[in-house]
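Visitor: This is input-v1.pdb (PDB, C-alpha atoms, pLDDT in the B column).
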```pdb
ATOM      1  CA  MET W  21     156.853 130.304 112.984  1.00 38.00           C
ATOM      2  CA  ALA W  22     157.992 129.845 109.399  1.00 44.00           C
ATOM      3  CA  LYS W  23     156.370 127.110 107.374  1.00 54.00           C
ATOM      4  CA  LYS W  24     158.521 124.130 106.484  1.00 64.00           C
ATOM      5  CA  GLN W  25     159.662 123.758 102.891  1.00 73.00           C
ATOM      6  CA  LYS W  26     157.434 121.579 100.740  1.00 84.00           C
ATOM      7  CA  TYR W  27     157.951 120.216  97.251  1.00 89.00           C
ATOM      8  CA  TYR W  28     155.245 119.757  94.646  1.00 92.00           C
ATOM      9  CA  VAL W  29     155.016 117.117  91.953  1.00 92.00           C
ATOM     10  CA  VAL W  30     152.975 117.767  88.824  1.00 94.00           C
ATOM     11  CA  TRP W  31     152.394 114.617  86.794  1.00 94.00           C
ATOM     12  CA  LYS W  32     149.914 116.247  84.453  1.00 93.00           C
ATOM     13  CA  GLY W  33     149.623 119.988  83.823  1.00 93.00           C
ATOM     14  CA  LYS W  34     150.725 122.836  81.591  1.00 94.00           C
ATOM     15  CA  LYS W  35     154.202 121.990  82.834  1.00 93.00           C
ATOM     16  CA  THR W  36     155.263 118.823  84.689  1.00 94.00           C
ATOM     17  CA  GLY W  37     158.060 118.097  87.135  1.00 93.00           C
ATOM     18  CA  VAL W  38     159.095 118.821  90.723  1.00 94.00           C
ATOM     19  CA  PHE W  39     158.566 122.374  92.010  1.00 93.00           C
ATOM     20  CA  SER W  40     159.890 123.942  95.195  1.00 90.00           C
ATOM     21  CA  SER W  41     156.956 126.278  95.880  1.00 90.00           C
ATOM     22  CA  TRP W  42     153.179 126.287  95.666  1.00 89.00           C
ATOM     23  CA  LYS W  43     153.380 129.419  93.487  1.00 90.00           C
ATOM     24  CA  GLU W  44     155.330 127.515  90.810  1.00 92.00           C
ATOM     25  CA  CYS W  45     153.021 124.522  91.096  1.00 91.00           C
ATOM     26  CA  LYS W  46     149.929 126.699  90.768  1.00 91.00           C
ATOM     27  CA  ILE W  47     151.231 128.241  87.545  1.00 93.00           C
ATOM     28  CA  ALA W  48     151.807 124.742  86.159  1.00 92.00           C
ATOM     29  CA  ILE W  49     148.283 123.485  86.891  1.00 92.00           C
ATOM     30  CA  GLU W  50     145.944 126.478  86.944  1.00 91.00           C
ATOM     31  CA  GLY W  51     143.360 126.215  84.191  1.00 90.00           C
ATOM     32  CA  PHE W  52     144.516 122.731  83.176  1.00 91.00           C
ATOM     33  CA  LYS W  53     141.599 120.297  83.243  1.00 89.00           C
ATOM     34  CA  GLY W  54     142.422 117.035  85.004  1.00 87.00           C
ATOM     35  CA  ALA W  55     145.688 118.276  86.510  1.00 90.00           C
ATOM     36  CA  GLU W  56     147.500 115.713  88.665  1.00 91.00           C
ATOM     37  CA  TYR W  57     149.669 117.055  91.484  1.00 92.00           C
ATOM     38  CA  LYS W  58     150.603 116.531  95.152  1.00 90.00           C
ATOM     39  CA  SER W  59     152.870 117.973  97.843  1.00 87.00           C
ATOM     40  CA  PHE W  60     155.741 116.196  99.592  1.00 85.00           C
ATOM     41  CA  LEU W  61     157.922 117.050 102.583  1.00 82.00           C
ATOM     42  CA  THR W  62     161.296 116.384 100.987  1.00 84.00           C
ATOM     43  CA  LYS W  63     162.802 116.801  97.542  1.00 86.00           C
ATOM     44  CA  ALA W  64     163.869 113.148  97.550  1.00 84.00           C
ATOM     45  CA  GLU W  65     160.282 111.995  98.172  1.00 85.00           C
ATOM     46  CA  ALA W  66     159.019 114.295  95.433  1.00 87.00           C
ATOM     47  CA  GLU W  67     161.584 113.142  92.899  1.00 89.00           C
ATOM     48  CA  LYS W  68     160.817 109.497  93.681  1.00 87.00           C
ATOM     49  CA  ALA W  69     157.082 110.137  93.313  1.00 87.00           C
ATOM     50  CA  TYR W  70     157.548 111.934  89.982  1.00 90.00           C
ATOM     51  CA  LYS W  71     159.123 108.779  88.577  1.00 88.00           C
ATOM     52  CA  GLY W  72     155.985 106.867  89.575  1.00 87.00           C
ATOM     53  CA  ARG W  73     152.285 107.320  88.902  1.00 87.00           C
ATOM     54  CA  TYR W  74     149.891 109.867  90.387  1.00 86.00           C
ATOM     55  CA  ALA W  75     147.464 107.015  91.131  1.00 81.00           C
ATOM     56  CA  ASP W  76     149.992 105.558  93.573  1.00 79.00           C
ATOM     57  CA  TYR W  77     149.957 108.730  95.683  1.00 78.00           C
ATOM     58  CA  LYS W  78     146.479 110.185  95.199  1.00 74.00           C
ATOM     59  CA  GLY W  79     144.625 110.499  98.503  1.00 64.00           C
ATOM     60  CA  LYS W  80     147.562 109.294 100.605  1.00 61.00           C
ATOM     61  CA  SER W  81     148.751 111.338 103.554  1.00 56.00           C
ATOM     62  CA  VAL W  82     152.118 113.055 103.551  1.00 54.00           C
ATOM     63  CA  THR W  83     154.390 111.181 105.944  1.00 51.00           C
ATOM     64  CA  LYS W  84     155.670 113.238 108.846  1.00 50.00           C
ATOM     65  CA  LYS W  85     158.912 112.728 110.726  1.00 52.00           C
ATOM     66  CA  GLN W  86     158.250 109.709 112.898  1.00 54.00           C
ATOM     67  CA  LEU W  87     157.671 110.296 116.599  1.00 59.00           C
ATOM     68  CA  SER W  88     159.176 108.120 119.276  1.00 65.00           C
ATOM     69  CA  PRO W  89     157.302 104.886 120.122  1.00 69.00           C
ATOM     70  CA  ALA W  90     156.425 106.350 123.528  1.00 73.00           C
ATOM     71  CA  ALA W  91     154.962 109.506 121.973  1.00 67.00           C
ATOM     72  CA  LEU W  92     152.972 107.509 119.430  1.00 65.00           C
ATOM     73  CA  ALA W  93     151.636 105.223 122.158  1.00 68.00           C
ATOM     74  CA  GLU W  94     150.537 108.224 124.204  1.00 74.00           C
ATOM     75  CA  ILE W  95     148.718 109.787 121.240  1.00 75.00           C
ATOM     76  CA  GLY W  96     147.150 106.519 120.106  1.00 79.00           C
ATOM     77  CA  GLN W  97     145.211 106.061 116.878  1.00 85.00           C
ATOM     78  CA  PRO W  98     142.512 108.313 115.399  1.00 89.00           C
ATOM     79  CA  ASN W  99     138.883 107.479 116.074  1.00 91.00           C
ATOM     80  CA  LEU W 100     137.545 106.385 112.690  1.00 93.00           C
ATOM     81  CA  ASN W 101     133.962 106.902 113.827  1.00 94.00           C
ATOM     82  CA  SER W 102     134.371 110.555 112.904  1.00 96.00           C
ATOM     83  CA  ILE W 103     134.449 113.157 110.176  1.00 97.00           C
ATOM     84  CA  SER W 104     137.407 115.365 109.285  1.00 97.00           C
ATOM     85  CA  VAL W 105     137.346 118.915 107.938  1.00 97.00           C
ATOM     86  CA  ASP W 106     139.938 121.080 106.230  1.00 96.00           C
ATOM     87  CA  ALA W 107     140.381 124.118 103.986  1.00 94.00           C
ATOM     88  CA  ALA W 108     142.770 125.270 101.288  1.00 91.00           C
ATOM     89  CA  SER W 109     143.635 128.794 100.216  1.00 87.00           C
ATOM     90  CA  SER W 110     145.735 129.839  97.230  1.00 83.00           C
ATOM     91  CA  GLY W 111     147.304 132.887  98.840  1.00 76.00           C
ATOM     92  CA  ASN W 112     146.484 134.871 101.979  1.00 79.00           C
ATOM     93  CA  PRO W 113     144.004 136.094 101.019  1.00 87.00           C
ATOM     94  CA  GLY W 114     143.286 134.094  97.897  1.00 89.00           C
ATOM     95  CA  LYS W 115     140.888 131.652  96.294  1.00 91.00           C
ATOM     96  CA  MET W 116     139.602 129.420  99.109  1.00 93.00           C
ATOM     97  CA  GLU W 117     137.510 126.274  99.529  1.00 95.00           C
ATOM     98  CA  TYR W 118     136.719 123.843 102.319  1.00 96.00           C
ATOM     99  CA  ARG W 119     135.286 120.375 102.777  1.00 96.00           C
ATOM    100  CA  GLY W 120     134.387 117.589 105.179  1.00 97.00           C
ATOM    101  CA  VAL W 121     135.022 113.873 104.658  1.00 96.00           C
ATOM    102  CA  ASP W 122     134.407 110.576 106.374  1.00 96.00           C
ATOM    103  CA  THR W 123     137.657 109.948 108.255  1.00 95.00           C
ATOM    104  CA  SER W 124     137.789 106.239 107.471  1.00 93.00           C
ATOM    105  CA  SER W 125     136.830 106.146 103.781  1.00 93.00           C
ATOM    106  CA  LYS W 126     137.743 109.767 102.877  1.00 92.00           C
ATOM    107  CA  LYS W 127     134.380 109.996 101.122  1.00 95.00           C
ATOM    108  CA  GLU W 128     133.484 113.658 100.667  1.00 96.00           C
ATOM    109  CA  LEU W 129     130.434 114.610 102.740  1.00 97.00           C
ATOM    110  CA  PHE W 130     130.247 118.313 101.916  1.00 96.00           C
ATOM    111  CA  LYS W 131     132.242 120.961 100.101  1.00 96.00           C
ATOM    112  CA  GLN W 132     131.949 124.723  99.579  1.00 94.00           C
ATOM    113  CA  GLY W 133     133.833 126.993  97.215  1.00 88.00           C
ATOM    114  CA  PRO W 134     136.030 128.001  95.729  1.00 92.00           C
ATOM    115  CA  PHE W 135     135.352 131.522  96.938  1.00 94.00           C
ATOM    116  CA  ALA W 136     137.074 134.337  95.054  1.00 91.00           C
ATOM    117  CA  GLN W 137     138.796 135.700  98.149  1.00 92.00           C
ATOM    118  CA  GLY W 138     139.296 134.181 101.567  1.00 93.00           C
ATOM    119  CA  THR W 139     141.895 132.892 104.013  1.00 93.00           C
ATOM    120  CA  ASN W 140     142.755 129.440 105.259  1.00 91.00           C
ATOM    121  CA  ASN W 141     141.659 130.340 108.798  1.00 94.00           C
ATOM    122  CA  ILE W 142     138.220 131.460 107.605  1.00 96.00           C
ATOM    123  CA  GLY W 143     137.897 128.242 105.619  1.00 96.00           C
ATOM    124  CA  GLU W 144     138.889 126.114 108.613  1.00 96.00           C
ATOM    125  CA  PHE W 145     136.315 127.930 110.763  1.00 97.00           C
ATOM    126  CA  LEU W 146     133.530 127.504 108.212  1.00 97.00           C
ATOM    127  CA  ALA W 147     134.442 123.849 107.667  1.00 97.00           C
ATOM    128  CA  LEU W 148     134.224 123.164 111.388  1.00 97.00           C
ATOM    129  CA  VAL W 149     130.858 124.893 111.811  1.00 98.00           C
ATOM    130  CA  HIS W 150     129.518 123.160 108.688  1.00 98.00           C
ATOM    131  CA  GLY W 151     130.688 119.856 110.148  1.00 97.00           C
ATOM    132  CA  LEU W 152     128.953 120.523 113.455  1.00 97.00           C
ATOM    133  CA  ALA W 153     125.708 121.422 111.660  1.00 97.00           C
ATOM    134  CA  PHE W 154     126.038 118.360 109.408  1.00 97.00           C
ATOM    135  CA  LEU W 155     126.416 115.972 112.345  1.00 97.00           C
ATOM    136  CA  LYS W 156     123.552 117.586 114.266  1.00 96.00           C
ATOM    137  CA  LYS W 157     121.256 117.414 111.237  1.00 95.00           C
ATOM    138  CA  HIS W 158     121.991 113.706 110.842  1.00 96.00           C
ATOM    139  CA  HIS W 159     121.675 113.007 114.591  1.00 96.00           C
ATOM    140  CA  SER W 160     125.187 111.587 114.499  1.00 95.00           C
ATOM    141  CA  ALA W 161     127.259 110.847 117.600  1.00 94.00           C
ATOM    142  CA  ARG W 162     130.503 110.921 115.620  1.00 96.00           C
ATOM    143  CA  ILE W 163     133.321 113.241 116.650  1.00 97.00           C
ATOM    144  CA  ILE W 164     134.893 115.817 114.356  1.00 97.00           C
ATOM    145  CA  TYR W 165     138.592 116.336 113.624  1.00 97.00           C
ATOM    146  CA  THR W 166     140.281 119.578 112.585  1.00 96.00           C
ATOM    147  CA  ASP W 167     143.981 120.387 112.321  1.00 93.00           C
ATOM    148  CA  SER W 168     143.366 124.064 113.133  1.00 93.00           C
ATOM    149  CA  ARG W 169     143.637 125.298 116.718  1.00 93.00           C
ATOM    150  CA  THR W 170     142.619 128.725 115.427  1.00 95.00           C
ATOM    151  CA  ALA W 171     139.309 127.374 114.102  1.00 96.00           C
ATOM    152  CA  MET W 172     138.691 125.541 117.379  1.00 96.00           C
ATOM    153  CA  SER W 173     139.252 128.793 119.280  1.00 96.00           C
ATOM    154  CA  TRP W 174     136.954 130.803 117.010  1.00 96.00           C
ATOM    155  CA  VAL W 175     134.203 128.207 117.360  1.00 97.00           C
ATOM    156  CA  ARG W 176     134.489 128.368 121.157  1.00 95.00           C
ATOM    157  CA  GLN W 177     134.167 132.160 120.918  1.00 96.00           C
ATOM    158  CA  LYS W 178     131.304 131.795 118.407  1.00 96.00           C
ATOM    159  CA  LYS W 179     133.036 134.430 116.323  1.00 96.00           C
ATOM    160  CA  CYS W 180     135.213 134.461 113.197  1.00 96.00           C
ATOM    161  CA  MET W 181     138.095 136.686 114.344  1.00 95.00           C
ATOM    162  CA  THR W 182     139.581 137.260 110.891  1.00 94.00           C
ATOM    163  CA  LYS W 183     141.394 140.477 110.031  1.00 92.00           C
ATOM    164  CA  LEU W 184     140.283 140.225 106.420  1.00 92.00           C
ATOM    165  CA  ALA W 185     138.146 143.257 105.560  1.00 93.00           C
ATOM    166  CA  PRO W 186     134.761 142.675 103.885  1.00 92.00           C
ATOM    167  CA  SER W 187     134.573 143.838 100.278  1.00 93.00           C
ATOM    168  CA  SER W 188     132.576 143.287  97.121  1.00 92.00           C
ATOM    169  CA  LYS W 189     135.039 140.545  96.189  1.00 92.00           C
ATOM    170  CA  ASN W 190     134.364 138.466  99.309  1.00 93.00           C
ATOM    171  CA  SER W 191     130.758 139.412 100.080  1.00 94.00           C
ATOM    172  CA  ALA W 192     129.461 135.866  99.484  1.00 94.00           C
ATOM    173  CA  LEU W 193     132.069 134.494 101.879  1.00 95.00           C
ATOM    174  CA  PHE W 194     131.229 136.951 104.640  1.00 96.00           C
ATOM    175  CA  GLU W 195     127.546 136.155 104.226  1.00 96.00           C
ATOM    176  CA  LEU W 196     128.440 132.528 104.957  1.00 96.00           C
ATOM    177  CA  VAL W 197     130.578 133.618 107.929  1.00 97.00           C
ATOM    178  CA  LYS W 198     127.602 135.476 109.402  1.00 97.00           C
ATOM    179  CA  ARG W 199     125.387 132.422 108.936  1.00 97.00           C
ATOM    180  CA  ALA W 200     128.001 130.280 110.695  1.00 97.00           C
ATOM    181  CA  GLU W 201     128.261 132.699 113.618  1.00 98.00           C
ATOM    182  CA  ASP W 202     124.460 132.848 113.901  1.00 98.00           C
ATOM    183  CA  TRP W 203     124.300 129.038 113.901  1.00 97.00           C
ATOM    184  CA  LEU W 204     126.774 128.851 116.774  1.00 97.00           C
ATOM    185  CA  LYS W 205     124.809 131.425 118.773  1.00 96.00           C
ATOM    186  CA  THR W 206     121.433 129.745 118.256  1.00 97.00           C
ATOM    187  CA  ASN W 207     122.337 126.057 118.390  1.00 96.00           C
ATOM    188  CA  SER W 208     123.703 123.725 121.021  1.00 94.00           C
ATOM    189  CA  TYR W 209     125.673 120.584 120.208  1.00 94.00           C
ATOM    190  CA  THR W 210     127.318 117.695 121.992  1.00 93.00           C
ATOM    191  CA  THR W 211     129.849 116.855 119.280  1.00 95.00           C
ATOM    192  CA  SER W 212     133.430 116.523 120.493  1.00 95.00           C
ATOM    193  CA  ILE W 213     135.877 118.650 118.484  1.00 96.00           C
ATOM    194  CA  ILE W 214     139.286 116.993 118.470  1.00 94.00           C
ATOM    195  CA  LYS W 215     142.645 118.262 117.208  1.00 94.00           C
ATOM    196  CA  TRP W 216     144.015 116.021 114.455  1.00 93.00           C
ATOM    197  CA  GLU W 217     147.515 114.851 115.459  1.00 87.00           C
ATOM    198  CA  THR W 218     149.319 115.521 112.185  1.00 84.00           C
ATOM    199  CA  LYS W 219     152.772 114.555 113.492  1.00 80.00           C
ATOM    200  CA  ALA W 220     151.528 111.105 114.430  1.00 81.00           C
ATOM    201  CA  TRP W 221     148.907 110.394 111.782  1.00 84.00           C
ATOM    202  CA  GLY W 222     149.995 112.377 108.706  1.00 83.00           C
ATOM    203  CA  GLU W 223     147.822 114.936 106.947  1.00 88.00           C
ATOM    204  CA  ILE W 224     144.169 115.082 107.949  1.00 92.00           C
ATOM    205  CA  PRO W 225     141.986 112.983 105.575  1.00 93.00           C
ATOM    206  CA  ALA W 226     140.150 116.108 104.361  1.00 94.00           C
ATOM    207  CA  ASP W 227     143.440 117.694 103.257  1.00 91.00           C
ATOM    208  CA  PHE W 228     143.411 119.051  99.705  1.00 85.00           C
ATOM    209  CA  GLY W 229     147.019 117.951  99.157  1.00 73.00           C
ATOM    210  CA  ARG W 230     148.372 121.310  98.075  1.00 57.00           C
ATOM    211  CA  LYS W 231     149.246 123.290 101.208  1.00 51.00           C
TER
END
```
So that I can check it, write out the structure of this file as structure tokens.
Guide:
Amino acid sequence: MAKKQKYYVVWKGKKTGVFSSWKECKIAIEGFKGAEYKSFLTKAEAEKAYKGRYADYKGKSVTKKQLSPAALAEIGQPNLNSISVDAASSGNPGKMEYRGVDTSSKKELFKQGPFAQGTNNIGEFLALVHGLAFLKKHHSARIIYTDSRTAMSWVRQKKCMTKLAPSSKNSALFELVKRAEDWLKTNSYTTSIIKWETKAWGEIPADFGRK
């Protein structure tokens, strides 16, 4: 399934404005210290945001097309007694990083990367395993949210099923993948892994804002 068009606003960068692709946005911000940018679902939203301030949009979820009242009622609200994990990759493969945050406050709890070469799916998998280990270490009964069904499947299989070939460029990443797989095989956990309902709740709180 093709990804939906997104628009990117750069308030502060080597070049500012509204861009119609992540590639253009990346060129405008890469290497610029303190760059301010964010993605939007429509050009109208992006153009409106560009006229405003980055501070008014920083950390806020991208609004999805509203579901029917019945659908929203069935889904309900997210459990804020939880953590959320996500990853971001600049290309496939490309530079990748992942993190976990407190769902309610969006306070960052852990972060890894960027790695020189990785994929979004690998990052989502590692973020989920890191989150499980984090909650077990802290004896926490909180649940964990991810917006990746692929990562959920890989965790159930206790195996990162990526097609990315190991190389000298991604050796550090694959070392972490092996550690994650070993953790799954040697640890038990009671944490509930729940799919984040993006259509109802907007982007997951751990989102990097540049997908």
Visitor: To test your reading of the syntax: which residues would the PyMOL selection byres ((chain W and resi 134-139) around 6) return for the file shown? Reply as a count of residues only.
Guide: 12
Visitor: Using the chain letters and numbers from the file, which residues does the PyMOL selection byres ((chain W and resi 205) around 12) grab, as JSON, numbers by chain?
Guide: {"W": [149, 175, 176, 177, 178, 179, 198, 199, 200, 201, 202, 203, 204, 206, 207, 208, 209]}
Visitor: Residues near Glu50 (chain W), anyone? I mean within 12 Å using only C-alpha atoms, not counting same-chain ones fewer than 2 positions away, as a ChimeraX atom specification.
Guide: /W:30,32-35,42-48,52-57,110,115
Visitor: Quick one: which residues end up in the PyMOL selection byres ((chain W and resi 167-171) around 7) for this structure, as a PyMOL selection string?
Guide: chain W and resi 141+144-145+165-166+172-175+215-216+224
Visitor: I need the residue nearest Lys131 (chain W) from this list: W:Arg119, W:Lys63, W:Arg73, W:Arg162. Use all atoms listed in the file for the distance.
Guide: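 Closest candidate: W:Arg119.
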Visitor: Do a neighbour search on Ser40 (chain W) at 12 Å with all atoms listed in the file, toss out local chain neighbours closer than 4 positions, and write the hits as a list in words.
Guide: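 Residues near the query, excluding close chain neighbours: Lys24, Gln25, Lys26, Tyr27, Tyr28, Val29, Val30, Glu44, Cys45, Lys46, Lys58, Ser59, Phe60, Leu61, Thr62, Lys63, Ala64, Ala66 and Glu67 of chain W.
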Visitor: Could you build a table of the residues in region 78-173 of chain W lying no more than 10 Å from region 210-213 of chain W, giving for each the nearest pair of atoms and their separation in Å rounded to one decimal place, using all atoms listed in the file, ordered by chain and ascending residue number, as CSV?
Guide:
```
residue,atom,partner,partner_atom,distance
W:Ser102,CA,W:Ser212,CA,9.7
W:Ser104,CA,W:Ile213,CA,9.9
W:Leu148,CA,W:Ile213,CA,8.6
W:Gly151,CA,W:Thr211,CA,9.6
W:Leu152,CA,W:Thr211,CA,6.9
W:Ala153,CA,W:Thr211,CA,9.8
W:Leu155,CA,W:Thr211,CA,7.8
W:Lys156,CA,W:Thr211,CA,8.1
W:Ser160,CA,W:Thr211,CA,8.5
W:Ala161,CA,W:Thr211,CA,6.8
W:Arg162,CA,W:Thr211,CA,7.0
W:Ile163,CA,W:Ser212,CA,5.1
W:Ile164,CA,W:Ile213,CA,5.1
W:Tyr165,CA,W:Ile213,CA,6.0
W:Thr166,CA,W:Ile213,CA,7.4
W:Met172,CA,W:Ile213,CA,7.5
```
Visitor: For Ser124 (chain W), which residue among W:Gly37, W:Gly143, W:Gly111, W:Pro98 is the nearest when counting only C-alpha atoms?
Guide: W:Pro98
Visitor: Select, from W:Asp227, W:Ser41, W:Glu217, W:Asp76, the residue with the minimum atom-to-atom distance to Ala147 (chain W), counting all atoms listed in the file.
Guide: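 The answer is W:Asp227, which sits nearest to Ala147 (chain W).
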Visitor: Just how far from CA of Phe194 (chain W) is CA of Cys180 (chain W), in Å to one decimal?
Guide: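 Computed distance, CA of Cys180 (chain W) to CA of Phe194 (chain W), equals 9.8 Å.
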